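Containing PDB, C-alpha atoms and all ligand atoms: upload_0.pdb.
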ATOM      1  CA  MET W   1      -7.393  20.875 -74.839
ATOM      2  CA  THR W   2      -5.273  17.883 -73.762
ATOM      3  CA  VAL W   3      -3.600  17.714 -70.362
ATOM      4  CA  GLU W   4      -1.001  15.245 -69.080
ATOM      5  CA  PHE W   5      -1.373  15.062 -65.273
ATOM      6  CA  SER W   6       1.670  14.073 -63.227
ATOM      7  CA  PRO W   7       1.871  10.330 -62.493
ATOM      8  CA  VAL W   8       0.596   9.161 -59.075
ATOM      9  CA  SER W   9      -0.809   6.007 -57.510
ATOM     10  CA  GLU W  10      -4.035   5.701 -55.507
ATOM     11  CA  SER W  11      -2.127   4.886 -52.314
ATOM     12  CA  GLN W  12       0.127   7.935 -52.720
ATOM     13  CA  ILE W  13      -2.942  10.167 -52.756
ATOM     14  CA  THR W  14      -4.237   8.502 -49.573
ATOM     15  CA  LYS W  15      -0.817   8.880 -47.896
ATOM     16  CA  ALA W  16      -0.653  12.580 -48.813
ATOM     17  CA  ILE W  17      -4.014  13.161 -47.132
ATOM     18  CA  VAL W  18      -3.199  11.114 -44.013
ATOM     19  CA  ASP W  19       0.298  12.604 -43.594
ATOM     20  CA  GLU W  20      -0.748  16.214 -43.979
ATOM     21  CA  PHE W  21      -3.914  15.897 -41.861
ATOM     22  CA  ALA W  22      -2.050  14.107 -39.055
ATOM     23  CA  LYS W  23       0.819  16.630 -39.089
ATOM     24  CA  GLU W  24      -1.524  19.617 -38.807
ATOM     25  CA  PHE W  25      -3.863  17.931 -36.325
ATOM     26  CA  GLU W  26      -0.961  17.027 -34.019
ATOM     27  CA  LYS W  27       0.242  20.640 -34.134
ATOM     28  CA  TYR W  28      -3.197  21.983 -33.125
ATOM     29  CA  VAL W  29      -3.995  19.506 -30.336
ATOM     30  CA  GLU W  30      -2.610  22.280 -28.117
ATOM     31  CA  THR W  31      -3.302  25.795 -29.297
ATOM     32  CA  GLU W  32      -3.798  29.337 -28.031
ATOM     33  CA  VAL W  33      -7.444  29.836 -29.018
ATOM     34  CA  ILE W  34     -10.143  27.371 -30.084
ATOM     35  CA  ILE W  35     -13.217  28.873 -31.735
ATOM     36  CA  VAL W  36     -16.274  26.622 -31.751
ATOM     37  CA  GLY W  37     -18.505  27.567 -34.696
ATOM     38  CA  GLY W  38     -17.513  28.801 -38.153
ATOM     39  CA  GLY W  39     -20.339  31.281 -38.798
ATOM     40  CA  PRO W  40     -19.735  35.015 -39.385
ATOM     41  CA  SER W  41     -18.730  35.824 -35.797
ATOM     42  CA  GLY W  42     -16.414  32.822 -35.426
ATOM     43  CA  LEU W  43     -14.770  33.354 -38.809
ATOM     44  CA  MET W  44     -14.254  37.044 -38.094
ATOM     45  CA  ALA W  45     -12.711  36.280 -34.699
ATOM     46  CA  GLY W  46     -10.485  33.644 -36.322
ATOM     47  CA  LYS W  47      -9.342  35.999 -39.055
ATOM     48  CA  GLU W  48      -8.485  38.777 -36.597
ATOM     49  CA  LEU W  49      -6.617  36.476 -34.219
ATOM     50  CA  ALA W  50      -4.667  34.675 -36.923
ATOM     51  CA  SER W  51      -3.727  37.944 -38.623
ATOM     52  CA  LYS W  52      -2.182  39.060 -35.312
ATOM     53  CA  GLY W  53      -0.099  35.893 -35.103
ATOM     54  CA  VAL W  54      -2.289  33.976 -32.620
ATOM     55  CA  LYS W  55      -2.434  30.192 -33.106
ATOM     56  CA  VAL W  56      -6.130  29.555 -33.691
ATOM     57  CA  LEU W  57      -8.271  26.544 -34.560
ATOM     58  CA  ILE W  58     -11.908  26.781 -35.701
ATOM     59  CA  ILE W  59     -14.129  23.768 -35.001
ATOM     60  CA  GLU W  60     -17.181  23.433 -37.244
ATOM     61  CA  ARG W  61     -19.747  20.648 -37.167
ATOM     62  CA  ASN W  62     -20.692  20.996 -40.863
ATOM     63  CA  ASN W  63     -18.376  20.339 -43.785
ATOM     64  CA  TYR W  64     -19.027  23.896 -44.990
ATOM     65  CA  LEU W  65     -18.159  27.097 -43.127
ATOM     66  CA  GLY W  66     -20.241  30.256 -42.964
ATOM     67  CA  GLY W  67     -23.210  29.360 -40.737
ATOM     68  CA  GLY W  68     -26.113  31.692 -41.505
ATOM     69  CA  PHE W  69     -23.968  34.099 -43.547
ATOM     70  CA  TRP W  70     -24.774  32.544 -46.938
ATOM     71  CA  LEU W  71     -28.320  33.889 -46.821
ATOM     72  CA  GLY W  72     -30.117  36.988 -45.603
ATOM     73  CA  GLY W  73     -33.370  35.587 -44.329
ATOM     74  CA  PHE W  74     -36.257  33.453 -45.601
ATOM     75  CA  LEU W  75     -33.978  31.742 -48.176
ATOM     76  CA  MET W  76     -33.185  35.086 -49.830
ATOM     77  CA  ASN W  77     -29.461  35.480 -50.406
ATOM     78  CA  LYS W  78     -29.063  39.239 -49.966
ATOM     79  CA  LEU W  79     -27.330  40.201 -46.704
ATOM     80  CA  THR W  80     -27.756  43.467 -44.879
ATOM     81  CA  VAL W  81     -25.367  45.332 -42.578
ATOM     82  CA  ARG W  82     -25.915  48.635 -40.815
ATOM     83  CA  SER W  83     -23.394  51.422 -40.610
ATOM     84  CA  PRO W  84     -20.594  51.385 -39.405
ATOM     85  CA  ALA W  85     -20.189  47.651 -40.219
ATOM     86  CA  GLU W  86     -19.792  48.308 -43.957
ATOM     87  CA  SER W  87     -16.178  49.094 -43.033
ATOM     88  CA  ILE W  88     -15.702  45.332 -42.539
ATOM     89  CA  LEU W  89     -17.154  44.621 -45.997
ATOM     90  CA  ASP W  90     -14.575  47.126 -47.310
ATOM     91  CA  GLU W  91     -11.796  45.282 -45.442
ATOM     92  CA  LEU W  92     -12.919  41.972 -46.932
ATOM     93  CA  GLY W  93     -13.335  43.409 -50.437
ATOM     94  CA  VAL W  94     -17.053  42.540 -50.544
ATOM     95  CA  PRO W  95     -19.060  44.676 -53.005
ATOM     96  CA  TYR W  96     -22.211  46.237 -51.501
ATOM     97  CA  LYS W  97     -24.577  49.124 -52.054
ATOM     98  CA  GLU W  98     -26.589  51.418 -49.798
ATOM     99  CA  TYR W  99     -30.275  50.518 -49.886
ATOM    100  CA  SER W 100     -31.892  53.394 -51.745
ATOM    101  CA  LYS W 101     -34.676  53.888 -49.179
ATOM    102  CA  VAL W 102     -32.702  53.758 -45.887
ATOM    103  CA  LYS W 103     -29.527  55.705 -45.153
ATOM    104  CA  GLY W 104     -26.834  53.585 -43.496
ATOM    105  CA  LEU W 105     -28.393  50.223 -44.468
ATOM    106  CA  TYR W 106     -26.173  48.276 -46.871
ATOM    107  CA  VAL W 107     -26.944  45.227 -49.018
ATOM    108  CA  ALA W 108     -24.449  42.606 -50.300
ATOM    109  CA  ASP W 109     -24.676  39.201 -52.001
ATOM    110  CA  GLY W 110     -24.584  36.401 -49.413
ATOM    111  CA  PRO W 111     -22.424  33.955 -51.386
ATOM    112  CA  HIS W 112     -19.915  36.674 -52.298
ATOM    113  CA  ALA W 113     -19.656  38.032 -48.740
ATOM    114  CA  CYS W 114     -19.473  34.592 -47.141
ATOM    115  CA  SER W 115     -16.838  33.214 -49.489
ATOM    116  CA  LYS W 116     -14.683  36.347 -49.059
ATOM    117  CA  LEU W 117     -14.885  36.021 -45.262
ATOM    118  CA  ILE W 118     -13.971  32.330 -45.379
ATOM    119  CA  ALA W 119     -11.051  33.035 -47.710
ATOM    120  CA  ALA W 120      -9.806  35.928 -45.547
ATOM    121  CA  THR W 121      -9.912  33.706 -42.446
ATOM    122  CA  CYS W 122      -7.955  30.925 -44.148
ATOM    123  CA  ASP W 123      -5.523  33.413 -45.726
ATOM    124  CA  ALA W 124      -4.843  34.910 -42.296
ATOM    125  CA  GLY W 125      -3.703  31.482 -41.095
ATOM    126  CA  ALA W 126      -6.605  30.182 -38.993
ATOM    127  CA  LYS W 127      -6.837  26.380 -39.192
ATOM    128  CA  ILE W 128     -10.169  24.629 -39.635
ATOM    129  CA  LEU W 129     -11.380  21.311 -38.257
ATOM    130  CA  ASN W 130     -14.696  20.706 -39.992
ATOM    131  CA  MET W 131     -17.172  17.821 -39.623
ATOM    132  CA  THR W 132     -16.286  18.069 -35.926
ATOM    133  CA  THR W 133     -18.859  18.613 -33.177
ATOM    134  CA  LEU W 134     -18.371  19.923 -29.658
ATOM    135  CA  ASP W 135     -19.047  17.183 -27.123
ATOM    136  CA  ASP W 136     -17.891  18.853 -23.898
ATOM    137  CA  VAL W 137     -15.437  21.313 -22.387
ATOM    138  CA  VAL W 138     -12.109  20.698 -20.626
ATOM    139  CA  LEU W 139     -12.299  22.383 -17.209
ATOM    140  CA  HIS W 140      -9.178  22.858 -15.044
ATOM    141  CA  ASN W 141      -9.466  24.705 -11.711
ATOM    142  CA  GLU W 142     -12.770  26.351 -12.721
ATOM    143  CA  LYS W 143     -11.329  27.633 -16.025
ATOM    144  CA  VAL W 144     -12.266  26.430 -19.514
ATOM    145  CA  SER W 145      -9.019  24.993 -20.878
ATOM    146  CA  GLY W 146     -10.085  23.271 -24.086
ATOM    147  CA  VAL W 147     -12.812  21.276 -25.777
ATOM    148  CA  VAL W 148     -13.865  17.656 -26.159
ATOM    149  CA  VAL W 149     -14.897  16.814 -29.727
ATOM    150  CA  ASN W 150     -16.044  13.992 -31.924
ATOM    151  CA  TRP W 151     -16.641  13.497 -35.641
ATOM    152  CA  THR W 152     -20.063  14.935 -36.499
ATOM    153  CA  ALA W 153     -21.056  11.640 -38.127
ATOM    154  CA  VAL W 154     -20.317   9.821 -34.866
ATOM    155  CA  SER W 155     -22.120  12.438 -32.730
ATOM    156  CA  ALA W 156     -25.178  12.200 -34.968
ATOM    157  CA  LEU W 157     -25.624   8.456 -34.394
ATOM    158  CA  PRO W 158     -27.276   6.891 -31.335
ATOM    159  CA  ARG W 159     -24.743   5.692 -28.738
ATOM    160  CA  GLU W 160     -25.732   2.038 -29.181
ATOM    161  CA  ILE W 161     -24.605   2.231 -32.825
ATOM    162  CA  ALA W 162     -21.549   4.493 -32.562
ATOM    163  CA  CYS W 163     -19.936   3.864 -29.192
ATOM    164  CA  VAL W 164     -16.851   5.969 -30.003
ATOM    165  CA  ASP W 165     -15.213   8.069 -27.303
ATOM    166  CA  PRO W 166     -14.429  11.704 -28.145
ATOM    167  CA  ILE W 167     -10.976  13.314 -27.843
ATOM    168  CA  SER W 168      -9.739  16.484 -26.149
ATOM    169  CA  LEU W 169      -7.984  19.545 -27.547
ATOM    170  CA  GLU W 170      -6.346  21.995 -25.135
ATOM    171  CA  SER W 171      -6.211  25.765 -25.478
ATOM    172  CA  LYS W 172      -5.581  28.865 -23.399
ATOM    173  CA  LEU W 173      -8.986  30.263 -24.394
ATOM    174  CA  VAL W 174     -12.178  29.007 -26.027
ATOM    175  CA  ILE W 175     -14.597  31.219 -27.971
ATOM    176  CA  ASP W 176     -18.247  30.157 -28.201
ATOM    177  CA  ALA W 177     -19.356  31.184 -31.720
ATOM    178  CA  THR W 178     -22.066  28.520 -32.078
ATOM    179  CA  GLY W 179     -24.873  31.017 -32.742
ATOM    180  CA  HIS W 180     -28.341  30.656 -31.189
ATOM    181  CA  ASP W 181     -27.386  27.320 -29.545
ATOM    182  CA  ALA W 182     -24.542  28.768 -27.431
ATOM    183  CA  SER W 183     -23.388  25.129 -27.225
ATOM    184  CA  VAL W 184     -20.210  25.712 -25.209
ATOM    185  CA  VAL W 185     -21.921  27.934 -22.655
ATOM    186  CA  LYS W 186     -24.707  25.332 -22.327
ATOM    187  CA  LYS W 187     -22.138  22.665 -21.296
ATOM    188  CA  LEU W 188     -21.303  24.810 -18.255
ATOM    189  CA  GLU W 189     -24.963  25.562 -17.558
ATOM    190  CA  GLU W 190     -25.795  21.814 -17.583
ATOM    191  CA  ARG W 191     -23.376  21.484 -14.652
ATOM    192  CA  GLY W 192     -24.885  24.430 -12.761
ATOM    193  CA  LEU W 193     -21.731  26.517 -13.214
ATOM    194  CA  LEU W 194     -23.573  29.481 -14.732
ATOM    195  CA  LYS W 195     -27.042  30.574 -15.759
ATOM    196  CA  THR W 196     -27.956  31.848 -19.224
ATOM    197  CA  LYS W 197     -30.885  34.176 -19.775
ATOM    198  CA  GLY W 198     -31.938  32.830 -23.201
ATOM    199  CA  GLN W 199     -32.313  34.902 -26.333
ATOM    200  CA  GLY W 200     -34.757  37.817 -26.168
ATOM    201  CA  ALA W 201     -37.425  38.773 -28.713
ATOM    202  CA  MET W 202     -36.680  40.770 -31.868
ATOM    203  CA  TRP W 203     -35.625  44.415 -31.463
ATOM    204  CA  VAL W 204     -33.066  45.237 -34.098
ATOM    205  CA  GLU W 205     -32.595  48.864 -33.063
ATOM    206  CA  ARG W 206     -31.222  47.870 -29.627
ATOM    207  CA  SER W 207     -29.879  44.422 -30.289
ATOM    208  CA  GLU W 208     -26.824  45.011 -32.436
ATOM    209  CA  ASN W 209     -25.259  47.608 -30.110
ATOM    210  CA  LEU W 210     -25.918  45.332 -27.126
ATOM    211  CA  VAL W 211     -24.383  42.230 -28.734
ATOM    212  CA  VAL W 212     -21.128  44.025 -29.442
ATOM    213  CA  GLU W 213     -21.146  45.671 -25.999
ATOM    214  CA  HIS W 214     -21.665  42.295 -24.241
ATOM    215  CA  THR W 215     -19.074  40.355 -26.249
ATOM    216  CA  SER W 216     -16.815  39.326 -23.376
ATOM    217  CA  GLU W 217     -15.389  36.560 -21.215
ATOM    218  CA  PHE W 218     -18.597  34.943 -19.921
ATOM    219  CA  TYR W 219     -16.840  32.377 -17.731
ATOM    220  CA  PRO W 220     -13.104  32.086 -16.976
ATOM    221  CA  GLY W 221     -11.440  30.948 -20.208
ATOM    222  CA  LEU W 222     -14.640  31.220 -22.283
ATOM    223  CA  ILE W 223     -15.443  34.220 -24.499
ATOM    224  CA  VAL W 224     -18.829  34.525 -26.222
ATOM    225  CA  THR W 225     -19.416  36.092 -29.633
ATOM    226  CA  GLY W 226     -22.257  36.523 -32.160
ATOM    227  CA  MET W 227     -25.723  35.161 -31.370
ATOM    228  CA  ALA W 228     -24.242  33.155 -28.499
ATOM    229  CA  VAL W 229     -23.915  36.543 -26.749
ATOM    230  CA  SER W 230     -27.684  37.111 -27.091
ATOM    231  CA  ALA W 231     -28.434  33.619 -25.748
ATOM    232  CA  ALA W 232     -26.008  33.992 -22.841
ATOM    233  CA  TYR W 233     -27.025  37.494 -21.730
ATOM    234  CA  GLY W 234     -30.718  37.440 -22.730
ATOM    235  CA  LEU W 235     -30.399  40.187 -25.349
ATOM    236  CA  PRO W 236     -32.938  40.938 -28.077
ATOM    237  CA  ARG W 237     -32.354  39.357 -31.480
ATOM    238  CA  MET W 238     -31.784  41.385 -34.628
ATOM    239  CA  GLY W 239     -33.069  39.174 -37.448
ATOM    240  CA  PRO W 240     -31.270  38.965 -40.775
ATOM    241  CA  THR W 241     -28.686  41.710 -40.427
ATOM    242  CA  PHE W 242     -25.055  40.849 -39.805
ATOM    243  CA  GLY W 243     -23.075  43.935 -38.782
ATOM    244  CA  ALA W 244     -23.107  42.962 -35.105
ATOM    245  CA  MET W 245     -21.920  39.423 -35.912
ATOM    246  CA  LEU W 246     -18.854  40.766 -37.737
ATOM    247  CA  MET W 247     -18.156  43.471 -35.143
ATOM    248  CA  SER W 248     -18.671  41.016 -32.276
ATOM    249  CA  GLY W 249     -16.152  38.619 -33.853
ATOM    250  CA  LYS W 250     -13.667  41.473 -34.038
ATOM    251  CA  LYS W 251     -14.289  42.384 -30.405
ATOM    252  CA  ALA W 252     -13.995  38.730 -29.284
ATOM    253  CA  ALA W 253     -10.522  38.668 -30.868
ATOM    254  CA  GLU W 254      -9.569  41.864 -29.023
ATOM    255  CA  VAL W 255     -10.796  40.401 -25.715
ATOM    256  CA  ALA W 256      -8.825  37.196 -26.397
ATOM    257  CA  ILE W 257      -5.623  39.072 -27.247
ATOM    258  CA  GLU W 258      -5.964  41.109 -24.056
ATOM    259  CA  LYS W 259      -6.383  37.884 -22.009
ATOM    260  CA  LEU W 260      -3.458  36.157 -23.741
ATOM    261  CA  ARG W 261      -1.220  39.095 -22.855
ATOM    262  CA  LEU W 262      -1.993  38.840 -19.092
TER     263      LEU W 262
HETATM  264  C1  LIG T   1     -19.468  22.600 -33.765
HETATM  265  C2  LIG T   1     -21.210  24.068 -34.096
HETATM  266  C3  LIG T   1     -21.880  23.569 -32.957
HETATM  267  C4  LIG T   1     -21.253  22.527 -32.225
HETATM  268  C5  LIG T   1     -23.119  25.105 -33.819
HETATM  269  O1  LIG T   1     -25.368  30.386 -36.522
HETATM  270  P1  LIG T   1     -24.131  31.061 -36.962
HETATM  271  O2  LIG T   1     -24.172  31.796 -38.246
HETATM  272  O3  LIG T   1     -23.635  31.999 -35.727
HETATM  273  P2  LIG T   1     -23.175  33.518 -35.606
HETATM  274  O4  LIG T   1     -23.452  33.891 -34.208
HETATM  275  O5  LIG T   1     -21.793  33.697 -36.094
HETATM  276  O6  LIG T   1     -24.146  34.323 -36.582
HETATM  277  C6  LIG T   1     -25.498  34.308 -36.327
HETATM  278  C7  LIG T   1     -26.286  34.649 -37.609
HETATM  279  O7  LIG T   1     -26.021  33.689 -38.605
HETATM  280  C8  LIG T   1     -27.731  34.644 -37.229
HETATM  281  O8  LIG T   1     -28.289  33.542 -37.096
HETATM  282  C9  LIG T   1     -28.419  35.866 -36.917
HETATM  283  C10 LIG T   1     -27.780  37.190 -37.134
HETATM  284  N1  LIG T   1     -29.616  35.777 -36.410
HETATM  285  C11 LIG T   1     -30.401  36.838 -35.873
HETATM  286  C12 LIG T   1     -31.771  36.354 -35.470
HETATM  287  O9  LIG T   1     -32.485  37.180 -34.854
HETATM  288  O10 LIG T   1     -32.145  35.201 -35.757
HETATM  289  O11 LIG T   1     -22.962  30.008 -37.038
HETATM  290  C13 LIG T   1     -22.745  29.103 -35.980
HETATM  291  C14 LIG T   1     -21.853  27.987 -36.487
HETATM  292  C15 LIG T   1     -22.575  27.126 -37.550
HETATM  293  O12 LIG T   1     -21.726  26.966 -38.660
HETATM  294  C16 LIG T   1     -22.845  25.811 -36.831
HETATM  295  O13 LIG T   1     -22.804  24.706 -37.693
HETATM  296  C17 LIG T   1     -21.713  25.782 -35.808
HETATM  297  O14 LIG T   1     -21.565  27.137 -35.405
HETATM  298  N2  LIG T   1     -22.025  25.005 -34.613
HETATM  299  N3  LIG T   1     -20.028  23.599 -34.505
HETATM  300  N4  LIG T   1     -20.047  22.065 -32.649
HETATM  301  N5  LIG T   1     -21.831  22.006 -31.142
HETATM  302  N6  LIG T   1     -23.056  24.236 -32.812
END
Please render this file's structure as structure tokens.
Amino acid sequence: MTVEFSPVSESQITKAIVDEFAKEFEKYVETEVIIVGGGPSGLMAGKELASKGVKVLIIERNNYLGGGFWLGGFLMNKLTVRSPAESILDELGVPYKEYSKVKGLYVADGPHACSKLIAATCDAGAKILNMTTLDDVVLHNEKVSGVVVNWTAVSALPREIACVDPISLESKLVIDATGHDASVVKKLEERGLLKTKGQGAMWVERSENLVVEHTSEFYPGLIVTGMAVSAAYGLPRMGPTFGAMLMSGKKAAEVAIEKLRL
């Protein structure tokens, strides 16, 4: 096979990247919802919000999205979800099967499920700022009103080497989808504005229902979803099963839409 690619110079490629990044970035410096964390709960929340026409930006510290959703547990890439969360796998077009020994326990391939969720979130119109780490929150009149961020590479270096100030992005609401770290919530706790209970021990049977139930506005302007809910409210963990992460992301979007309407 021979292919004749269209003619282009090196500088034109650089300009295309700079122009398009700057245009989109400028547009999302002010947005309706910022989601910090692009794991299963954050992606799900982003997909739901964007599909309902909400302007949403997902901030992710890694270059890849998906968080813990690529793998089940212990480096084994089979995911599980419990009924009724297989309905979300249906929505996403992820193939799965019921585990032959347990009714209502479904198994899917991690890479297939994760890539479908990422694609659905992007297709819905959520914008992604990856390689970007949360540095702080913007707080106006005791309400979270945005985030302060820096390039992950800068955040990872000691301050004496990379003395680079972060920048701020404003939003009507922020969703903490940073998983076990609950990084956004912790910024408020560091200032004594709230108290988290810390994640509880494993109890799958109770945990998933509780995570979805507690997905809510934890502080004015700040909604928690996914494992950040467990860390904030002191709920038991569920181990490598993801139904509650997907359902919690969906609920976080519903809570956000309700708040945006007020
Ligand atoms: C930017 C950040 C920052 C930051 C973190 O860990 P995740 O997969 O989170 P969830 O809550 O969507 O899903 C949790 C699930 O993967 C899991 O761990 C389960 C079910 N555990 C149960 C158990 O008992 O252990 O994704 C969080 C994402 C990741 O992509 C991080 O890189 C990102 O957030 N992130 N991004 N700035 N400060 N902190």
Need the axis-aligned box for range 74-93 of chain W with 4 Å each side, so what are the centre and edges in Å to one decimal, as lines of an AutoDock Vina configuration file?
center_x = -24.0
center_y = 41.6
center_z = -44.9
size_x = 32.5
size_y = 27.7
size_z = 19.0
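Comparing the minimum interatomic distances between ligand LIG 1 (chain T) and each of W:Lys52, W:Arg206, W:Arg261, W:Arg237, counting only C-alpha atoms and all ligand atoms, we find that W:Arg237 sits nearest.
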Worksheet entry | Shell around Gly42 in chain W at 9 Å using only C-alpha atoms, local window under 5 positions removed, as an MDAnalysis selection string | chainID W and resid 35:37 47 58 66 175:178 225:226 245:246 249 252
Practice prompt. Quick one: pull the distance between CA of Val149 in chain W and CA of Tyr219 in chain W, Å, one decimal.
Written response: 19.7 Å
Within 7 Å of range 67-71 of chain W, which residues of range 102-141 of chain W come that close, and what is the closest atom pair and distance in Å for each? Count only C-alpha atoms and give it as CSV.
residue,atom,partner,partner_atom,distance
W:Gly110,CA,W:Trp70,CA,4.6
W:Pro111,CA,W:Trp70,CA,5.2
W:Cys114,CA,W:Trp70,CA,5.7
With the PyMOL selection byres (((chain W and resi 140) around 12) and not hetatm) as the selection, what would be picked from this file? Answer as a PDB file with C-alpha atoms, in the coordinates of the input, please.
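Saved to selection_1.pdb:
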ATOM      1  CA  VAL W 137     -15.437  21.313 -22.387  1.00  0.00           C
ATOM      2  CA  VAL W 138     -12.109  20.698 -20.626  1.00  0.00           C
ATOM      3  CA  LEU W 139     -12.299  22.383 -17.209  1.00  0.00           C
ATOM      4  CA  ASN W 141      -9.466  24.705 -11.711  1.00  0.00           C
ATOM      5  CA  GLU W 142     -12.770  26.351 -12.721  1.00  0.00           C
ATOM      6  CA  LYS W 143     -11.329  27.633 -16.025  1.00  0.00           C
ATOM      7  CA  VAL W 144     -12.266  26.430 -19.514  1.00  0.00           C
ATOM      8  CA  SER W 145      -9.019  24.993 -20.878  1.00  0.00           C
ATOM      9  CA  GLY W 146     -10.085  23.271 -24.086  1.00  0.00           C
ATOM     10  CA  VAL W 147     -12.812  21.276 -25.777  1.00  0.00           C
ATOM     11  CA  GLU W 170      -6.346  21.995 -25.135  1.00  0.00           C
ATOM     12  CA  SER W 171      -6.211  25.765 -25.478  1.00  0.00           C
ATOM     13  CA  LYS W 172      -5.581  28.865 -23.399  1.00  0.00           C
ATOM     14  CA  LEU W 173      -8.986  30.263 -24.394  1.00  0.00           C
ATOM     15  CA  PRO W 220     -13.104  32.086 -16.976  1.00  0.00           C
ATOM     16  CA  GLY W 221     -11.440  30.948 -20.208  1.00  0.00           C
TER      17      GLY W 221
END
Discussion item. For a test of reading the model, state the distance in Å between CA of Val81 in chain W and CA of Gly200 in chain W, rounded to one decimal.
Written reply: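 A separation of 20.3 Å between them.
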Discussion item. For a quick check of understanding, using only C-alpha atoms, which of W:Pro158, W:Pro240, W:Pro166, W:Gly38 has the smallest distance to Trp203 in chain W?
Written reply: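 The closest residue to Trp203 in chain W is W:Pro240.
Using only C-alpha atoms for every distance, the candidate list W:Leu117, W:Met76, W:Leu260, W:Glu217 yields W:Leu260 as the residue closest to Gly53 in chain W.
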Response to the item:
Using only C-alpha atoms, the shortest atom-to-atom distance to Val148 in chain W among W:Val184, W:Ala120, W:Ala22, W:Val8 belongs to W:Val184
Discussion item. Here is a test: counting all atoms listed in the file, which residue of W:Val56, W:Ile257, W:Ile13, W:Ile118 is nearest to Gly39 in chain W?
Written reply: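 Among the listed residues, the smallest separation from Gly39 in chain W belongs to W:Ile118.
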